[in-house]
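File shown: start.cif (mmCIF, C-alpha atoms).
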data_input
loop_
_atom_site.label_atom_id
_atom_site.label_comp_id
_atom_site.auth_asym_id
_atom_site.auth_seq_id
_atom_site.Cartn_x
_atom_site.Cartn_y
_atom_site.Cartn_z
CA MET A 1 -9.68 24.42 15.05
CA LYS A 2 -11.71 22.77 12.34
CA LYS A 3 -11.86 19.00 12.63
CA ILE A 4 -10.13 18.42 9.31
CA GLU A 5 -7.25 20.66 10.38
CA GLU A 6 -6.99 18.62 13.59
CA PHE A 7 -6.80 15.48 11.45
CA ILE A 8 -4.03 17.01 9.33
CA GLU A 9 -2.02 17.94 12.44
CA LYS A 10 -2.50 14.47 13.89
CA VAL A 11 -1.47 12.61 10.73
CA LYS A 12 1.80 14.53 10.52
CA SER A 13 3.10 12.79 13.64
CA LEU A 14 2.36 9.33 12.22
CA ASN A 15 4.82 9.41 9.30
CA LYS A 16 2.72 7.12 7.05
CA LYS A 17 3.59 5.94 3.55
CA VAL A 18 0.85 6.20 0.94
CA VAL A 19 0.89 4.58 -2.49
CA PHE A 20 -0.90 6.27 -5.40
CA PRO A 21 -1.46 3.72 -8.20
CA GLU A 22 -2.43 6.49 -10.62
CA GLY A 23 0.92 8.27 -10.42
CA GLU A 24 0.69 9.61 -13.97
CA ASP A 25 -2.41 11.70 -13.20
CA GLU A 26 -1.77 15.43 -12.85
CA ARG A 27 -4.09 15.85 -9.85
CA ILE A 28 -2.36 12.98 -8.06
CA LEU A 29 1.01 14.62 -8.69
CA MET A 30 -0.21 17.97 -7.36
CA ALA A 31 -1.76 16.32 -4.30
CA SER A 32 1.41 14.26 -3.68
CA SER A 33 3.47 17.41 -3.88
CA GLU A 34 1.31 19.06 -1.19
CA ILE A 35 1.29 15.89 0.93
CA LEU A 36 5.09 15.76 0.85
CA ARG A 37 5.59 19.52 1.37
CA GLU A 38 3.17 19.65 4.31
CA LYS A 39 4.73 16.46 5.79
CA ILE A 40 1.31 14.77 5.80
CA ALA A 41 2.77 11.45 4.58
CA SER A 42 5.41 10.03 2.23
CA PRO A 43 3.88 9.49 -1.21
CA ILE A 44 4.90 6.65 -3.51
CA LEU A 45 3.82 7.07 -7.13
CA LEU A 46 3.20 4.10 -9.44
CA GLY A 47 3.76 4.51 -13.16
CA LYS A 48 6.45 5.07 -15.76
CA LYS A 49 9.22 7.16 -14.18
CA ASP A 50 10.03 9.22 -17.31
CA LYS A 51 6.40 10.00 -17.91
CA ILE A 52 5.78 11.04 -14.30
CA LEU A 53 8.88 13.25 -14.24
CA ASN A 54 7.85 14.89 -17.52
CA ILE A 55 4.32 15.60 -16.33
CA GLY A 56 5.70 16.87 -13.01
CA GLU A 57 8.02 19.26 -14.81
CA LYS A 58 5.28 20.42 -17.18
CA ILE A 59 2.90 21.34 -14.36
CA GLY A 60 5.65 22.81 -12.17
CA ILE A 61 5.96 20.29 -9.34
CA ASP A 62 9.21 21.40 -7.72
CA ASN A 63 9.59 18.49 -5.28
CA ILE A 64 8.95 15.66 -7.77
CA GLY A 65 12.58 14.58 -7.39
CA ASP A 66 11.97 13.82 -3.70
CA MET A 67 9.17 11.37 -4.40
CA GLU A 68 9.56 7.62 -4.71
CA ILE A 69 8.41 6.42 -8.13
CA ILE A 70 7.93 2.73 -8.90
CA ASP A 71 7.13 1.21 -12.29
CA PRO A 72 5.23 -2.00 -11.47
CA GLU A 73 6.33 -3.63 -14.73
CA ASN A 74 10.03 -3.33 -13.88
CA SER A 75 9.94 -3.31 -10.11
CA GLU A 76 12.28 -5.28 -7.89
CA TYR A 77 9.16 -6.42 -6.00
CA LEU A 78 7.59 -8.07 -9.06
CA GLY A 79 8.81 -11.62 -8.37
CA GLU A 80 7.90 -11.43 -4.68
CA PHE A 81 4.44 -10.06 -5.48
CA ILE A 82 3.69 -12.73 -8.12
CA GLU A 83 4.56 -15.40 -5.61
CA LYS A 84 2.49 -13.69 -2.93
CA TYR A 85 -0.49 -13.40 -5.25
CA CYS A 86 -0.32 -17.08 -6.25
CA GLU A 87 -0.12 -17.99 -2.57
CA LYS A 88 -3.22 -15.93 -1.77
CA ARG A 89 -5.24 -16.86 -4.83
CA LYS A 90 -4.57 -20.44 -5.78
CA ASN A 91 -7.10 -20.32 -8.64
CA VAL A 92 -4.83 -18.33 -10.95
CA ASN A 93 -1.65 -19.53 -12.62
CA LYS A 94 1.68 -17.70 -12.57
CA ASN A 95 1.20 -16.04 -15.99
CA VAL A 96 -2.18 -14.63 -15.03
CA ALA A 97 -0.80 -13.56 -11.64
CA GLU A 98 2.03 -11.69 -13.40
CA LYS A 99 -0.47 -9.88 -15.61
CA LEU A 100 -2.52 -8.90 -12.56
CA VAL A 101 0.42 -7.84 -10.41
CA LYS A 102 1.69 -5.49 -13.13
CA LYS A 103 -1.60 -3.58 -12.89
CA PRO A 104 -0.96 -0.57 -10.65
CA LEU A 105 -4.05 -1.07 -8.46
CA ILE A 106 -3.11 -4.68 -7.68
CA PHE A 107 0.58 -3.76 -7.28
CA GLY A 108 -0.35 -0.94 -4.89
CA GLY A 109 -2.65 -3.26 -2.93
CA LEU A 110 0.18 -5.75 -2.55
CA MET A 111 2.51 -2.99 -1.34
CA VAL A 112 0.01 -2.31 1.44
CA ASP A 113 -0.56 -6.01 2.10
CA THR A 114 3.16 -6.72 2.45
CA GLY A 115 3.77 -3.67 4.66
CA LYS A 116 5.90 -1.79 2.12
CA CYS A 117 3.54 1.11 2.64
CA ASP A 118 0.62 1.83 4.94
CA VAL A 119 -2.32 2.82 2.74
CA MET A 120 -3.41 3.06 -0.90
CA VAL A 121 -5.47 5.88 -2.39
CA GLY A 122 -6.80 5.19 -5.90
CA GLY A 123 -9.80 5.90 -8.07
CA ALA A 124 -8.84 9.21 -9.73
CA ILE A 125 -8.96 7.33 -13.05
CA ASN A 126 -10.20 3.86 -12.11
CA THR A 127 -13.80 3.08 -11.17
CA THR A 128 -14.92 2.35 -7.61
CA ALA A 129 -15.66 -1.27 -8.64
CA ASN A 130 -12.11 -1.63 -9.84
CA VAL A 131 -10.60 -0.20 -6.64
CA ILE A 132 -12.81 -2.42 -4.47
CA GLN A 133 -11.89 -5.55 -6.45
CA ALA A 134 -8.18 -4.76 -6.29
CA ALA A 135 -8.38 -4.17 -2.52
CA ALA A 136 -10.36 -7.37 -1.93
CA LEU A 137 -7.90 -9.44 -3.99
CA THR A 138 -4.82 -8.05 -2.24
CA VAL A 139 -5.31 -6.75 1.32
CA GLY A 140 -8.58 -8.68 1.76
CA PHE A 141 -11.33 -7.89 4.25
CA SER A 142 -11.13 -7.20 7.99
CA GLU A 143 -11.85 -10.18 10.22
CA GLY A 144 -15.55 -11.05 10.18
CA ILE A 145 -16.29 -8.61 7.35
CA LYS A 146 -17.42 -9.63 3.88
CA THR A 147 -18.99 -6.39 2.70
CA PRO A 148 -16.93 -3.48 1.43
CA SER A 149 -18.74 -0.24 2.20
CA SER A 150 -18.12 3.46 2.67
CA PHE A 151 -18.74 6.29 5.09
CA PHE A 152 -18.91 10.07 5.06
CA ILE A 153 -17.72 12.37 7.83
CA MET A 154 -20.35 15.11 8.09
CA VAL A 155 -19.26 18.26 9.92
CA LEU A 156 -22.17 20.58 10.74
CA PRO A 157 -21.81 24.36 11.00
CA ASN A 158 -22.16 24.06 14.82
CA GLY A 159 -19.13 21.75 14.87
CA LYS A 160 -21.08 18.56 15.55
CA ILE A 161 -19.75 15.55 13.70
CA TYR A 162 -21.67 12.53 12.45
CA PHE A 163 -20.53 9.53 10.43
CA PHE A 164 -23.04 8.50 7.72
CA ALA A 165 -23.03 5.08 6.01
CA ASP A 166 -23.39 3.64 3.47
CA CYS A 167 -24.00 6.53 1.08
CA ALA A 168 -21.98 5.34 -1.91
CA VAL A 169 -21.34 1.61 -2.35
CA ASN A 170 -24.07 -0.87 -1.34
CA ILE A 171 -27.33 -0.28 -3.20
CA CYS A 172 -29.64 -2.55 -1.28
CA PRO A 173 -27.77 -4.26 1.58
CA ASP A 174 -29.48 -7.21 3.28
CA GLU A 175 -29.68 -7.39 7.09
CA ASN A 176 -26.26 -9.06 7.43
CA GLN A 177 -24.57 -6.54 5.18
CA LEU A 178 -26.32 -3.68 6.97
CA ALA A 179 -25.09 -5.00 10.33
CA GLU A 180 -21.53 -5.18 8.96
CA ILE A 181 -21.77 -1.62 7.63
CA GLY A 182 -22.85 -0.45 11.11
CA ILE A 183 -20.03 -2.23 12.92
CA THR A 184 -17.33 -1.18 10.44
CA THR A 185 -18.43 2.45 10.51
CA GLY A 186 -18.45 2.34 14.32
CA MET A 187 -14.89 1.02 14.35
CA ASN A 188 -13.72 3.81 12.09
CA TYR A 189 -15.59 6.40 14.18
CA LYS A 190 -13.65 5.19 17.20
CA LYS A 191 -10.31 5.28 15.35
CA LEU A 192 -10.81 8.75 13.93
CA MET A 193 -12.71 10.48 16.71
CA ASN A 194 -11.10 8.77 19.73
CA GLU A 195 -14.46 8.25 21.38
CA ASN A 196 -17.00 5.45 21.46
CA PRO A 197 -19.56 5.39 18.68
CA LYS A 198 -23.28 5.44 19.29
CA ILE A 199 -24.61 3.61 16.27
CA ALA A 200 -28.21 4.17 15.15
CA PHE A 201 -29.81 2.06 12.42
CA LEU A 202 -32.28 4.33 10.66
CA SER A 203 -35.73 3.67 9.22
CA PHE A 204 -39.08 5.41 8.81
CA SER A 205 -40.15 3.62 12.00
CA THR A 206 -39.02 4.02 15.62
CA LYS A 207 -38.92 0.82 17.69
CA GLY A 208 -41.78 -0.88 15.89
CA SER A 209 -43.98 2.18 15.34
CA ALA A 210 -44.53 0.94 11.77
CA SER A 211 -44.55 -2.55 10.39
CA HIS A 212 -43.22 -3.35 6.94
CA PRO A 213 -40.61 -5.72 5.45
CA MET A 214 -38.26 -2.71 5.03
CA VAL A 215 -38.52 -2.01 8.76
CA GLU A 216 -38.03 -5.68 9.60
CA LYS A 217 -34.76 -5.73 7.66
CA VAL A 218 -33.42 -2.90 9.83
CA GLN A 219 -34.66 -4.59 13.04
CA LYS A 220 -32.85 -7.79 12.04
CA ALA A 221 -29.67 -5.83 11.25
CA VAL A 222 -29.76 -4.24 14.74
CA LYS A 223 -30.08 -7.67 16.34
CA ILE A 224 -27.21 -9.13 14.29
CA ALA A 225 -24.95 -6.13 14.95
CA LYS A 226 -25.63 -6.21 18.70
CA GLU A 227 -24.83 -9.92 18.89
CA LYS A 228 -21.68 -9.56 16.81
CA TYR A 229 -20.23 -6.55 18.54
CA LYS A 230 -21.15 -6.16 22.16
CA GLU A 231 -18.61 -3.43 23.00
CA PHE A 232 -20.41 -0.73 21.04
CA ASP A 233 -23.66 1.09 21.79
CA ILE A 234 -25.88 -0.07 18.94
CA ASP A 235 -29.63 0.46 18.66
CA GLY A 236 -32.57 0.94 16.32
CA GLU A 237 -34.64 0.99 14.40
CA PHE A 238 -34.96 4.75 14.73
CA GLN A 239 -36.37 7.58 12.69
CA VAL A 240 -33.59 10.09 12.29
CA ASP A 241 -35.14 12.54 14.81
CA SER A 242 -35.32 9.84 17.49
CA ALA A 243 -31.69 9.01 16.79
CA ILE A 244 -30.20 12.49 17.10
CA ASN A 245 -32.61 14.64 19.12
CA GLU A 246 -32.89 13.87 22.83
CA GLU A 247 -36.24 15.59 23.30
CA VAL A 248 -37.85 13.61 20.46
CA ALA A 249 -36.15 10.45 21.70
CA ARG A 250 -37.69 10.94 25.18
CA ARG A 251 -41.13 11.11 23.60
CA LYS A 252 -40.81 8.36 21.02
CA VAL A 253 -38.48 5.80 22.59
CA LYS A 254 -40.14 4.28 25.63
CA GLU A 255 -37.53 1.65 26.51
CA TYR A 256 -33.99 2.42 27.77
CA SER A 257 -31.58 3.13 24.95
CA SER A 258 -27.97 4.30 25.20
CA VAL A 259 -28.17 5.51 21.58
CA ALA A 260 -31.58 7.22 21.18
CA GLY A 261 -31.15 10.98 20.90
CA LYS A 262 -27.36 10.70 21.17
CA ALA A 263 -26.34 8.88 17.99
CA ASN A 264 -23.13 9.93 16.25
CA VAL A 265 -23.07 7.15 13.63
CA LEU A 266 -26.10 6.99 11.33
CA ILE A 267 -26.64 3.82 9.32
CA PHE A 268 -29.05 4.23 6.43
CA PRO A 269 -31.18 1.27 5.27
CA ASP A 270 -30.20 1.51 1.61
CA LEU A 271 -28.40 3.68 -0.91
CA ASN A 272 -31.52 5.72 -1.75
CA ALA A 273 -31.74 6.90 1.84
CA GLY A 274 -27.97 7.16 2.39
CA ASN A 275 -27.16 9.16 -0.70
CA ILE A 276 -30.12 11.49 -0.26
CA GLY A 277 -29.36 11.80 3.46
CA TYR A 278 -25.79 12.97 3.06
CA LYS A 279 -26.52 15.34 0.20
CA ILE A 280 -29.51 16.93 1.94
CA THR A 281 -27.36 17.48 5.04
CA GLN A 282 -24.57 18.91 2.91
CA TYR A 283 -26.74 21.30 0.90
CA LEU A 284 -29.61 22.27 3.20
CA ALA A 285 -27.70 22.29 6.48
CA ASN A 286 -24.43 23.54 4.97
CA ALA A 287 -22.51 20.62 6.40
CA GLU A 288 -19.05 19.76 5.15
CA ALA A 289 -19.01 16.22 3.72
CA TYR A 290 -15.75 14.26 3.65
CA GLY A 291 -15.88 11.00 1.75
CA PRO A 292 -16.90 8.53 0.61
CA ILE A 293 -14.11 6.73 2.44
CA LEU A 294 -13.95 3.02 1.65
CA GLN A 295 -13.97 0.62 4.59
CA GLY A 296 -14.09 -3.04 5.46
CA PHE A 297 -10.61 -3.97 4.25
CA ALA A 298 -7.88 -5.48 6.43
CA LYS A 299 -5.74 -2.40 5.72
CA PRO A 300 -6.92 0.99 4.50
CA VAL A 301 -7.56 1.46 0.79
CA SER A 302 -9.53 4.48 -0.36
CA ASP A 303 -11.39 5.37 -3.47
CA LEU A 304 -11.55 8.82 -5.07
CA SER A 305 -14.27 10.23 -7.23
CA ARG A 306 -13.07 10.50 -10.82
CA GLY A 307 -13.97 14.17 -10.57
CA ALA A 308 -11.80 14.54 -7.43
CA LYS A 309 -9.95 17.82 -7.03
CA VAL A 310 -6.46 18.11 -5.54
CA ARG A 311 -7.89 19.14 -2.14
CA ASP A 312 -10.21 16.08 -2.12
CA ILE A 313 -7.24 13.80 -2.77
CA VAL A 314 -5.24 15.37 0.08
CA ILE A 315 -8.13 15.09 2.56
CA THR A 316 -8.96 11.50 1.57
CA THR A 317 -5.29 10.65 2.07
CA VAL A 318 -5.28 12.27 5.53
CA ILE A 319 -8.39 10.34 6.65
CA THR A 320 -7.15 7.07 5.13
CA CYS A 321 -3.80 7.40 6.93
CA LEU A 322 -5.64 7.93 10.23
CA MET A 323 -7.51 4.65 9.70
CA THR A 324 -4.33 2.55 10.09
CA MET B 1 -10.89 -18.22 -34.80
CA ASN B 2 -14.60 -19.05 -35.01
CA ASP B 3 -17.20 -18.48 -32.29
CA LEU B 4 -17.16 -22.09 -31.16
CA GLU B 5 -13.38 -22.08 -30.70
CA ILE B 6 -13.56 -18.83 -28.73
CA LEU B 7 -16.35 -20.30 -26.58
CA GLU B 8 -14.31 -23.43 -25.82
CA ARG B 9 -11.30 -21.37 -24.74
CA VAL B 10 -13.50 -19.01 -22.69
CA LYS B 11 -14.99 -22.06 -20.95
CA LYS B 12 -11.49 -23.40 -20.24
CA VAL B 13 -10.42 -20.11 -18.62
CA VAL B 14 -13.65 -19.78 -16.61
CA SER B 15 -13.32 -23.35 -15.42
CA GLU B 16 -9.74 -22.74 -14.25
CA VAL B 17 -10.33 -19.39 -12.55
CA LEU B 18 -13.67 -20.21 -10.94
CA GLY B 19 -13.04 -23.90 -10.33
CA VAL B 20 -16.20 -25.16 -12.10
CA ASP B 21 -16.62 -28.14 -14.41
CA LYS B 22 -15.91 -26.99 -17.99
CA ASP B 23 -18.58 -29.25 -19.48
CA LYS B 24 -21.31 -27.71 -17.34
CA ILE B 25 -20.66 -24.13 -18.51
CA THR B 26 -23.17 -22.71 -21.00
CA PRO B 27 -23.14 -19.35 -22.86
CA GLU B 28 -26.16 -18.20 -20.83
CA ASP B 29 -24.39 -18.68 -17.49
CA ARG B 30 -23.81 -15.54 -15.43
CA PHE B 31 -20.38 -15.43 -13.77
CA VAL B 32 -21.58 -14.47 -10.29
CA GLU B 33 -25.09 -15.88 -10.01
CA ASP B 34 -24.69 -19.15 -11.96
CA LEU B 35 -20.99 -19.95 -11.79
CA GLY B 36 -20.37 -18.81 -8.22
CA ALA B 37 -17.76 -16.16 -8.96
CA GLU B 38 -17.02 -13.90 -6.03
CA SER B 39 -18.01 -10.39 -7.04
CA VAL B 40 -14.34 -9.40 -6.75
CA GLN B 41 -13.09 -11.92 -9.32
CA GLY B 42 -13.81 -9.81 -12.39
CA LEU B 43 -10.23 -8.54 -12.56
CA GLU B 44 -8.90 -12.11 -12.40
CA LEU B 45 -11.18 -13.26 -15.22
CA ILE B 46 -10.14 -10.28 -17.36
CA ALA B 47 -6.43 -10.99 -16.81
CA ALA B 48 -6.94 -14.69 -17.56
CA PHE B 49 -8.81 -13.90 -20.82
CA GLU B 50 -6.08 -11.44 -21.81
CA GLU B 51 -3.44 -14.08 -21.17
CA GLU B 52 -5.34 -16.80 -23.06
CA PHE B 53 -6.11 -14.70 -26.14
CA GLY B 54 -3.07 -12.39 -26.16
CA ILE B 55 -5.20 -9.24 -26.03
CA GLU B 56 -5.49 -6.14 -23.79
CA MET B 57 -9.07 -5.26 -22.86
CA ASP B 58 -10.68 -2.06 -21.57
CA GLU B 59 -11.14 -3.01 -17.89
CA GLU B 60 -14.05 -0.71 -17.23
CA LYS B 61 -16.06 -2.09 -20.16
CA ALA B 62 -14.93 -5.65 -19.52
CA LEU B 63 -16.18 -5.48 -15.91
CA GLU B 64 -19.67 -4.87 -17.27
CA VAL B 65 -19.69 -8.21 -19.09
CA LYS B 66 -21.79 -10.54 -16.95
CA THR B 67 -22.27 -13.78 -18.93
CA VAL B 68 -20.10 -16.35 -20.71
CA GLY B 69 -21.79 -15.63 -24.06
CA LYS B 70 -21.25 -11.88 -23.74
CA ALA B 71 -17.59 -12.53 -22.88
CA VAL B 72 -17.24 -14.47 -26.16
CA GLU B 73 -18.70 -11.53 -28.11
CA PHE B 74 -16.54 -9.05 -26.23
CA ILE B 75 -13.33 -11.01 -26.85
CA LYS B 76 -14.28 -11.54 -30.51
CA GLU B 77 -14.22 -7.78 -31.05
CA TYR B 78 -10.67 -7.56 -29.73
CA LEU B 79 -9.52 -10.56 -31.80
CA ALA B 80 -10.92 -8.93 -34.94
CA LYS B 81 -8.74 -5.87 -34.25
CA LYS B 82 -5.57 -7.93 -33.76
#
Output the file's structure as structure tokens, nothing else.
Amino acid sequence: MKKIEEFIEKVKSLNKKVVFPEGEDERILMASSEILREKIASPILLGKKDKILNIGEKIGIDNIGDMEIIDPENSEYLGEFIEKYCEKRKNVNKNVAEKLVKKPLIFGGLMVDTGKCDVMVGGAINTTANVIQAAALTVGFSEGIKTPSSFFIMVLPNGKIYFFADCAVNICPDENQLAEIGITTGMNYKKLMNENPKIAFLSFSTKGSASHPMVEKVQKAVKIAKEKYKEFDIDGEFQVDSAINEEVARRKVKEYSSVAGKANVLIFPDLNAGNIGYKITQYLANAEAYGPILQGFAKPVSDLSRGAKVRDIVITTVITCLMT
Amino acid sequence: MNDLEILERVKKVVSEVLGVDKDKITPEDRFVEDLGAESVQGLELIAAFEEEFGIEMDEEKALEVKTVGKAVEFIKEYLAKK
């Protein structure tokens, strides 16, 4: 069975609730319809009820009547959420908080934060920056994490799976941010794959074979990550061949390493490398690429590409639900 | 409303949301680098400007505004359309 089909089967038993802040978007409605029909999760749509029902009817969504629709501007939760927001963010007054809470992305984030649903999937219309800000202001970051980032699940034709990060959010992370990206991706690898991650921090140098400030940044990130999170196998800096190929690792890595040659989580030094890395794997090696999936928040919030197709929305929802 | 009045009200909002001294804010100040805004506070600043001036701004474009002076210009365009 393909990994993504395994994920879909697994998520069905979890009975998660997912809020879509862009409930008036046709693709979101089609994806929600499939998510409900396939019993992947229970969708909650944010937006104007009449408008959503009309669009649903126009595009032939037969189960639209079974979906929960909430209009943030007239919701019974509005008062509670304004209070909650003011409690969290003491720098804004009640009027400003009301304005913010009526915005679907913030409203959806507060639904997740207050446990009224499990995850939020947004970004079909809104930008990534907007989704990240809304998530940070509502659910906040995981303990010890200050850097929102993203990962891709790369499934190779031979069935091997790697997690790549960060290929979409942080342009030039410093050593602390890079360490956080490594740890967060490792945590999500463990949650989704049910096995321990082997996290490799990548560079053009293997264990000091080259010396350059760009290499030093990666070496520092490895040190920080190892100190912060002792439970995981973390190592670097590695060239990508030393990280994933045991024969090369035996030749190039002289000291003992539990990661060299066996890595399943690849952490790229910056967005140039990360973005090129995932696309080259996708196109030249015919790998399937699932993502980018946002990470680093206290509860799962995911971003969609604005060009996302219905299938992309369904898969992102499946993965996001599995991150709870 | 003239530019100076808009600037004064922008400074008031920035001072409230970011907790900085109103008198120390200049039009050249960048929200994140100079005024210490967290990078996630853009949405809060937008909502506070909307509330102060009674306008609705395009969030995507508004998030690209990085300085106090540019915010004044940006808001002025919306006030002209009111």
Give one line per residue of chain A that approaches chain B to at most 10 Å, naming the two atoms of the closest pair and their distance in Å to one decimal, counting all atoms listed in the file; sort by chain then ascending residue number and deliver it as JSON lines.
{"residue": "A:Arg89", "atom": "CA", "partner": "B:Val17", "partner_atom": "CA", "distance": 9.6}
{"residue": "A:Lys90", "atom": "CA", "partner": "B:Val17", "partner_atom": "CA", "distance": 9.0}
{"residue": "A:Asn91", "atom": "CA", "partner": "B:Val17", "partner_atom": "CA", "distance": 5.2}
{"residue": "A:Val92", "atom": "CA", "partner": "B:Val17", "partner_atom": "CA", "distance": 5.8}
{"residue": "A:Asn93", "atom": "CA", "partner": "B:Val17", "partner_atom": "CA", "distance": 8.7}
{"residue": "A:Asn95", "atom": "CA", "partner": "B:Glu51", "partner_atom": "CA", "distance": 7.2}
{"residue": "A:Val96", "atom": "CA", "partner": "B:Ala48", "partner_atom": "CA", "distance": 5.4}
{"residue": "A:Ala97", "atom": "CA", "partner": "B:Ala47", "partner_atom": "CA", "distance": 8.1}
{"residue": "A:Glu98", "atom": "CA", "partner": "B:Ala47", "partner_atom": "CA", "distance": 9.1}
{"residue": "A:Lys99", "atom": "CA", "partner": "B:Ala47", "partner_atom": "CA", "distance": 6.2}
{"residue": "A:Leu100", "atom": "CA", "partner": "B:Ala47", "partner_atom": "CA", "distance": 6.1}
{"residue": "A:Val101", "atom": "CA", "partner": "B:Ala47", "partner_atom": "CA", "distance": 9.9}
{"residue": "A:Lys103", "atom": "CA", "partner": "B:Ala47", "partner_atom": "CA", "distance": 9.7}
{"residue": "A:Ile106", "atom": "CA", "partner": "B:Leu43", "partner_atom": "CA", "distance": 9.5}
{"residue": "A:Asn126", "atom": "CA", "partner": "B:Glu60", "partner_atom": "CA", "distance": 7.9}
{"residue": "A:Thr127", "atom": "CA", "partner": "B:Glu60", "partner_atom": "CA", "distance": 7.2}
{"residue": "A:Ala129", "atom": "CA", "partner": "B:Leu63", "partner_atom": "CA", "distance": 8.4}
{"residue": "A:Asn130", "atom": "CA", "partner": "B:Leu43", "partner_atom": "CA", "distance": 7.7}
{"residue": "A:Val131", "atom": "CA", "partner": "B:Val40", "partner_atom": "CA", "distance": 9.9}
{"residue": "A:Ile132", "atom": "CA", "partner": "B:Val40", "partner_atom": "CA", "distance": 7.5}
{"residue": "A:Gln133", "atom": "CA", "partner": "B:Val40", "partner_atom": "CA", "distance": 4.6}
{"residue": "A:Ala134", "atom": "CA", "partner": "B:Leu43", "partner_atom": "CA", "distance": 7.6}
{"residue": "A:Ala135", "atom": "CA", "partner": "B:Val40", "partner_atom": "CA", "distance": 9.0}
{"residue": "A:Ala136", "atom": "CA", "partner": "B:Val40", "partner_atom": "CA", "distance": 6.6}
{"residue": "A:Leu137", "atom": "CA", "partner": "B:Val40", "partner_atom": "CA", "distance": 7.0}
Check your understanding: So which residues get picked by the PyMOL selection byres ((chain A and resi 215) around 12) here, written as number ranges by chain?
Key -> A: 174-175, 201-214, 216-222, 236-239, 268-270
Include C-alpha atoms and write out the residues we just selected as a compact mmCIF listing (two decimals), in the frame of the given file.
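Dumped everything to part24.txt:
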# COMPACT_ATOMS: atom_id res chain seq x y z
CA ASP A 174 -29.48 -7.21 3.28
CA GLU A 175 -29.68 -7.39 7.09
CA PHE A 201 -29.81 2.06 12.42
CA LEU A 202 -32.28 4.33 10.66
CA SER A 203 -35.73 3.67 9.22
CA PHE A 204 -39.08 5.41 8.81
CA SER A 205 -40.15 3.62 12.00
CA THR A 206 -39.02 4.02 15.62
CA LYS A 207 -38.92 0.82 17.69
CA GLY A 208 -41.78 -0.88 15.89
CA SER A 209 -43.98 2.18 15.34
CA ALA A 210 -44.53 0.94 11.77
CA SER A 211 -44.55 -2.55 10.39
CA HIS A 212 -43.22 -3.35 6.94
CA PRO A 213 -40.61 -5.72 5.45
CA MET A 214 -38.26 -2.71 5.03
CA GLU A 216 -38.03 -5.68 9.60
CA LYS A 217 -34.76 -5.73 7.66
CA VAL A 218 -33.42 -2.90 9.83
CA GLN A 219 -34.66 -4.59 13.04
CA LYS A 220 -32.85 -7.79 12.04
CA ALA A 221 -29.67 -5.83 11.25
CA VAL A 222 -29.76 -4.24 14.74
CA GLY A 236 -32.57 0.94 16.32
CA GLU A 237 -34.64 0.99 14.40
CA PHE A 238 -34.96 4.75 14.73
CA GLN A 239 -36.37 7.58 12.69
CA PHE A 268 -29.05 4.23 6.43
CA PRO A 269 -31.18 1.27 5.27
CA ASP A 270 -30.20 1.51 1.61
Point to revise | Ground truth for the PyMOL selection byres ((chain A and resi 164) around 8), written as a list in words | key: Phe151, Phe152, Ile153, Met154, Tyr162, Phe163, Ala165, Asp166, Cys167, Val265, Leu266, Ile267, Phe268, Gly274 and Tyr278 of chain A
For the residues in that selection, give me C-alpha atoms as an mmCIF file, in the coordinates of the input.
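Output below, filename result-v3.cif:
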data_model
loop_
_atom_site.group_PDB
_atom_site.id
_atom_site.type_symbol
_atom_site.label_atom_id
_atom_site.label_comp_id
_atom_site.auth_asym_id
_atom_site.auth_seq_id
_atom_site.Cartn_x
_atom_site.Cartn_y
_atom_site.Cartn_z
ATOM 1 C CA PHE A 151 -18.740 6.290 5.090
ATOM 2 C CA PHE A 152 -18.910 10.070 5.060
ATOM 3 C CA ILE A 153 -17.720 12.370 7.830
ATOM 4 C CA MET A 154 -20.350 15.110 8.090
ATOM 5 C CA TYR A 162 -21.670 12.530 12.450
ATOM 6 C CA PHE A 163 -20.530 9.530 10.430
ATOM 7 C CA ALA A 165 -23.030 5.080 6.010
ATOM 8 C CA ASP A 166 -23.390 3.640 3.470
ATOM 9 C CA CYS A 167 -24.000 6.530 1.080
ATOM 10 C CA VAL A 265 -23.070 7.150 13.630
ATOM 11 C CA LEU A 266 -26.100 6.990 11.330
ATOM 12 C CA ILE A 267 -26.640 3.820 9.320
ATOM 13 C CA PHE A 268 -29.050 4.230 6.430
ATOM 14 C CA GLY A 274 -27.970 7.160 2.390
ATOM 15 C CA TYR A 278 -25.790 12.970 3.060
#
Revision key, fill the gap. What separates atom CA of A:Ile59 and atom CA of A:Glu24 is a distance of 11.9 Å
Check your understanding: Could you spell out the hits of the PyMOL selection byres ((chain B and resi 67) around 9) on the shown file, as a PyMOL selection string?
Key -> chain B and resi 27-32+65-66+68-72
Review point. Which residues, written as a PyMOL selection string, have at least one atom at most 6 Å from stretch 294-299 of chain A, with only C-alpha atoms counted and residues fewer than 4 positions away on the same chain left out?
Key: chain A and resi 139-142+148-150
Take the residues from that selection and write them out as a PDB file, in the coordinates of the input, keeping C-alpha atoms.
ATOM      1  CA  VAL A 139      -5.310  -6.750   1.320  1.00  0.00           C
ATOM      2  CA  GLY A 140      -8.580  -8.680   1.760  1.00  0.00           C
ATOM      3  CA  PHE A 141     -11.330  -7.890   4.250  1.00  0.00           C
ATOM      4  CA  SER A 142     -11.130  -7.200   7.990  1.00  0.00           C
ATOM      5  CA  PRO A 148     -16.930  -3.480   1.430  1.00  0.00           C
ATOM      6  CA  SER A 149     -18.740  -0.240   2.200  1.00  0.00           C
ATOM      7  CA  SER A 150     -18.120   3.460   2.670  1.00  0.00           C
TER       8      SER A 150
END
Practice item. State, in Å with one decimal place, the distance from atom CA of A:Ile61 to atom CA of A:Glu38. Key: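 A separation of 13.9 Å between them.
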Review point. In Å to one decimal, how far is atom CA of A:Gly261 from atom CA of A:Glu247?
Key: 7.3 Å
